[in-house]
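Asker: Following this line is protein00.pdb, made up of PDB, C-alpha atoms, pLDDT in the B column:
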```pdb
ATOM      1  CA  MET A   1     256.349  36.142 120.259  1.00 95.00           C
ATOM      2  CA  ILE A   2     254.197  38.878 118.754  1.00 96.00           C
ATOM      3  CA  SER A   3     251.142  37.805 116.816  1.00 97.00           C
ATOM      4  CA  LEU A   4     249.881  39.659 113.764  1.00 96.00           C
ATOM      5  CA  GLN A   5     246.733  40.643 115.688  1.00 96.00           C
ATOM      6  CA  GLU A   6     248.795  42.042 118.572  1.00 96.00           C
ATOM      7  CA  ALA A   7     251.036  44.009 116.203  1.00 96.00           C
ATOM      8  CA  MET A   8     248.023  45.469 114.380  1.00 94.00           C
ATOM      9  CA  SER A   9     246.365  46.333 117.709  1.00 94.00           C
ATOM     10  CA  ARG A  10     249.478  48.128 118.941  1.00 94.00           C
ATOM     11  CA  LEU A  11     249.544  50.187 115.761  1.00 92.00           C
ATOM     12  CA  ALA A  12     245.822  50.974 116.002  1.00 88.00           C
ATOM     13  CA  GLY A  13     246.382  52.277 119.533  1.00 81.00           C
ATOM     14  CA  SER A  14     249.348  54.498 118.614  1.00 80.00           C
ATOM     15  CA  ASN A  15     247.500  57.811 118.138  1.00 82.00           C
ATOM     16  CA  GLY A  16     247.276  57.654 114.346  1.00 82.00           C
ATOM     17  CA  ASP A  17     250.939  56.825 113.733  1.00 92.00           C
ATOM     18  CA  ARG A  18     251.729  54.918 110.544  1.00 94.00           C
ATOM     19  CA  SER A  19     254.191  52.609 112.303  1.00 95.00           C
ATOM     20  CA  VAL A  20     254.908  51.205 115.720  1.00 96.00           C
ATOM     21  CA  LYS A  21     258.121  49.596 117.000  1.00 96.00           C
ATOM     22  CA  LEU A  22     257.547  46.018 118.159  1.00 97.00           C
ATOM     23  CA  PHE A  23     261.024  44.616 118.782  1.00 98.00           C
ATOM     24  CA  GLU A  24     264.646  45.725 118.889  1.00 97.00           C
ATOM     25  CA  HIS A  25     267.874  43.746 119.254  1.00 97.00           C
ATOM     26  CA  VAL A  26     271.378  44.954 118.310  1.00 96.00           C
ATOM     27  CA  SER A  27     270.927  46.372 114.761  1.00 95.00           C
ATOM     28  CA  LEU A  28     267.497  44.771 114.168  1.00 97.00           C
ATOM     29  CA  GLU A  29     264.329  46.826 114.575  1.00 97.00           C
ATOM     30  CA  VAL A  30     260.919  45.312 113.768  1.00 98.00           C
ATOM     31  CA  LYS A  31     257.849  47.470 113.165  1.00 98.00           C
ATOM     32  CA  MET A  32     254.298  47.170 111.932  1.00 98.00           C
ATOM     33  CA  TYR A  33     253.634  49.728 109.185  1.00 97.00           C
ATOM     34  CA  ALA A  34     250.329  50.821 107.674  1.00 96.00           C
ATOM     35  CA  PRO A  35     250.412  53.811 105.339  1.00 94.00           C
ATOM     36  CA  ARG A  36     247.077  55.602 105.163  1.00 90.00           C
ATOM     37  CA  GLY A  37     246.146  57.634 102.099  1.00 91.00           C
ATOM     38  CA  VAL A  38     249.704  58.076 100.837  1.00 93.00           C
ATOM     39  CA  ASP A  39     253.024  56.539 101.780  1.00 96.00           C
ATOM     40  CA  PRO A  40     255.291  59.476 102.726  1.00 94.00           C
ATOM     41  CA  GLN A  41     258.357  57.474 103.704  1.00 92.00           C
ATOM     42  CA  GLN A  42     261.846  58.587 102.725  1.00 92.00           C
ATOM     43  CA  PRO A  43     264.905  56.357 102.173  1.00 94.00           C
ATOM     44  CA  HIS A  44     266.262  54.867 105.378  1.00 94.00           C
ATOM     45  CA  SER A  45     269.852  54.473 106.501  1.00 96.00           C
ATOM     46  CA  GLN A  46     269.565  50.686 107.011  1.00 97.00           C
ATOM     47  CA  ASP A  47     268.537  47.839 104.717  1.00 98.00           C
ATOM     48  CA  GLU A  48     264.837  46.955 105.016  1.00 98.00           C
ATOM     49  CA  ILE A  49     262.750  43.833 104.635  1.00 98.00           C
ATOM     50  CA  TYR A  50     258.978  43.967 104.294  1.00 98.00           C
ATOM     51  CA  VAL A  51     256.614  41.017 104.654  1.00 98.00           C
ATOM     52  CA  ILE A  52     253.093  41.955 103.642  1.00 98.00           C
ATOM     53  CA  ALA A  53     250.868  40.979 106.559  1.00 98.00           C
ATOM     54  CA  GLN A  54     247.517  41.912 105.057  1.00 97.00           C
ATOM     55  CA  GLY A  55     246.103  43.582 101.967  1.00 98.00           C
ATOM     56  CA  SER A  56     247.490  44.391  98.551  1.00 98.00           C
ATOM     57  CA  GLY A  57     248.915  47.239  96.501  1.00 98.00           C
ATOM     58  CA  GLU A  58     251.992  48.179  94.541  1.00 98.00           C
ATOM     59  CA  PHE A  59     255.617  48.540  95.624  1.00 98.00           C
ATOM     60  CA  ILE A  60     257.715  51.075  93.736  1.00 98.00           C
ATOM     61  CA  ILE A  61     261.497  50.886  94.013  1.00 97.00           C
ATOM     62  CA  GLU A  62     264.050  52.477  91.690  1.00 92.00           C
ATOM     63  CA  GLY A  63     261.322  53.145  89.104  1.00 90.00           C
ATOM     64  CA  LYS A  64     260.119  49.524  89.072  1.00 97.00           C
ATOM     65  CA  ARG A  65     256.498  48.841  90.042  1.00 98.00           C
ATOM     66  CA  ASP A  66     255.343  45.436  91.311  1.00 98.00           C
ATOM     67  CA  LYS A  67     251.911  44.285  92.420  1.00 98.00           C
ATOM     68  CA  ILE A  68     252.062  42.954  95.988  1.00 98.00           C
ATOM     69  CA  LYS A  69     249.761  40.937  98.243  1.00 98.00           C
ATOM     70  CA  THR A  70     249.593  39.206 101.614  1.00 98.00           C
ATOM     71  CA  GLY A  71     252.641  37.012 102.220  1.00 98.00           C
ATOM     72  CA  ASP A  72     254.981  38.740  99.751  1.00 98.00           C
ATOM     73  CA  PHE A  73     258.596  39.449 100.766  1.00 98.00           C
ATOM     74  CA  LEU A  74     260.242  42.720  99.670  1.00 98.00           C
ATOM     75  CA  PHE A  75     263.767  44.101 100.061  1.00 98.00           C
ATOM     76  CA  ALA A  76     264.800  47.769  99.980  1.00 98.00           C
ATOM     77  CA  PRO A  77     268.530  48.543 100.237  1.00 97.00           C
ATOM     78  CA  ALA A  78     269.619  51.389 102.482  1.00 97.00           C
ATOM     79  CA  GLY A  79     269.298  54.808 100.863  1.00 96.00           C
ATOM     80  CA  VAL A  80     267.095  53.680  97.959  1.00 97.00           C
ATOM     81  CA  VAL A  81     263.847  55.556  97.241  1.00 96.00           C
ATOM     82  CA  HIS A  82     260.826  53.276  97.593  1.00 97.00           C
ATOM     83  CA  ARG A  83     257.163  53.488  98.539  1.00 97.00           C
ATOM     84  CA  PHE A  84     253.788  51.772  98.474  1.00 98.00           C
ATOM     85  CA  GLU A  85     251.014  52.972  96.154  1.00 98.00           C
ATOM     86  CA  ASN A  86     247.453  51.945  95.333  1.00 98.00           C
ATOM     87  CA  PHE A  87     247.280  49.902  98.541  1.00 98.00           C
ATOM     88  CA  SER A  88     244.057  48.538  99.985  1.00 97.00           C
ATOM     89  CA  ASN A  89     242.456  50.101 103.067  1.00 95.00           C
ATOM     90  CA  ASP A  90     243.364  47.002 105.092  1.00 95.00           C
ATOM     91  CA  PHE A  91     247.093  47.132 104.153  1.00 97.00           C
ATOM     92  CA  PHE A  92     249.589  46.252 106.920  1.00 97.00           C
ATOM     93  CA  THR A  93     253.203  45.165 106.558  1.00 98.00           C
ATOM     94  CA  TRP A  94     255.908  43.946 108.886  1.00 98.00           C
ATOM     95  CA  VAL A  95     259.064  45.990 108.325  1.00 98.00           C
ATOM     96  CA  MET A  96     262.512  44.987 109.561  1.00 98.00           C
ATOM     97  CA  PHE A  97     265.462  47.383 109.576  1.00 98.00           C
ATOM     98  CA  TYR A  98     268.829  45.734 110.066  1.00 97.00           C
ATOM     99  CA  GLY A  99     272.576  46.014 109.622  1.00 95.00           C
ATOM    100  CA  PRO A 100     274.930  48.974 109.644  1.00 93.00           C
ATOM    101  CA  ASP A 101     274.035  52.441 108.437  1.00 92.00           C
ATOM    102  CA  GLY A 102     274.529  52.554 104.674  1.00 89.00           C
ATOM    103  CA  GLY A 103     273.647  48.896 104.185  1.00 87.00           C
TER     104      GLY A 103
END
```
Produce structure tokens that represent the structure in this file.

Answerer:
Amino acid sequence: MISLQEAMSRLAGSNGDRSVKLFEHVSLEVKMYAPRGVDPQQPHSQDEIYVIAQGSGEFIIEGKRDKIKTGDFLFAPAGVVHRFENFSNDFFTWVMFYGPDGG
């Protein structure tokens, strides 16, 4: 078990990184992610699930913009451009990469 507080603490202690790996099993990788200032991420080779742990903002995917908040579930298929914008200073999200490369 990894609590939200533990995940956020691990990220805070990671020398300014925007994400920290928390768990890995077969094709599943779980991270805590907190963009700061801007979200520079590029499309990934695996499908992704986000669960907003804290804060709010906007999620942009394939030109569509949605307001997001704590508790929301988001899906980003492999290879698809997506990012967070206008997020609060306290924004943290769980991110799970899974499945084969290419989705």

Asker: Starting from the PyMOL selection byres ((chain A and resi 52) around 6), expand the selection into actual residues of this file and give them as a list in words.

Answerer: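 Given this file, the PyMOL selection byres ((chain A and resi 52) around 6) evaluates to Val51, Ala53, Gln54, Thr70, Gly71, Asp72 and Thr93 of chain A.
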
Asker: Would you please work out which residue, of A:Phe73, A:Lys64, A:Ala78, A:Met1, is nearest to A:Pro43 when using all atoms listed in the file?

Answerer: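 Once distances to A:Pro43 are computed over all atoms listed in the file, the minimum belongs to A:Ala78.
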
Asker: Could you list, as a list in words, every residue within 8 Å of A:His82, counting only C-alpha atoms and ignoring same-chain residues fewer than 6 positions away?

Answerer: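 Within the cut-off, the hits are Gln41, Gln42, Pro43, Phe59, Ile60, Ile61, Glu62 and Ala76 of chain A.
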
Asker: Kindly export the residues of the current selection with C-alpha atoms, as a PDB file, in the coordinates of the input.

Answerer:
```
ATOM      1  CA  GLN A  41     258.357  57.474 103.704  1.00 92.00           C
ATOM      2  CA  GLN A  42     261.846  58.587 102.725  1.00 92.00           C
ATOM      3  CA  PRO A  43     264.905  56.357 102.173  1.00 94.00           C
ATOM      4  CA  PHE A  59     255.617  48.540  95.624  1.00 98.00           C
ATOM      5  CA  ILE A  60     257.715  51.075  93.736  1.00 98.00           C
ATOM      6  CA  ILE A  61     261.497  50.886  94.013  1.00 97.00           C
ATOM      7  CA  GLU A  62     264.050  52.477  91.690  1.00 92.00           C
ATOM      8  CA  ALA A  76     264.800  47.769  99.980  1.00 98.00           C
TER       9      ALA A  76
END
```

Asker: Where does the PyMOL selection byres ((chain A and resi 32-34) around 6) land in this file, that is, which residues does it pick, as a short mmCIF file (atom, residue, chain, number, x, y, z; two decimals) with C-alpha atoms, keeping the file's coordinate frame?

Answerer:
```
data_model
loop_
_atom_site.label_atom_id
_atom_site.label_comp_id
_atom_site.auth_asym_id
_atom_site.auth_seq_id
_atom_site.Cartn_x
_atom_site.Cartn_y
_atom_site.Cartn_z
CA ARG A 18 251.73 54.92 110.54
CA SER A 19 254.19 52.61 112.30
CA VAL A 20 254.91 51.20 115.72
CA LYS A 31 257.85 47.47 113.16
CA PRO A 35 250.41 53.81 105.34
CA PHE A 92 249.59 46.25 106.92
CA THR A 93 253.20 45.16 106.56
CA TRP A 94 255.91 43.95 108.89
#
```

Asker: Of the residues A:Gly79, A:Gly13, A:Pro40, A:Gly99, which is the one nearest to A:His25, using all atoms listed in the file?

Answerer: A:Gly99
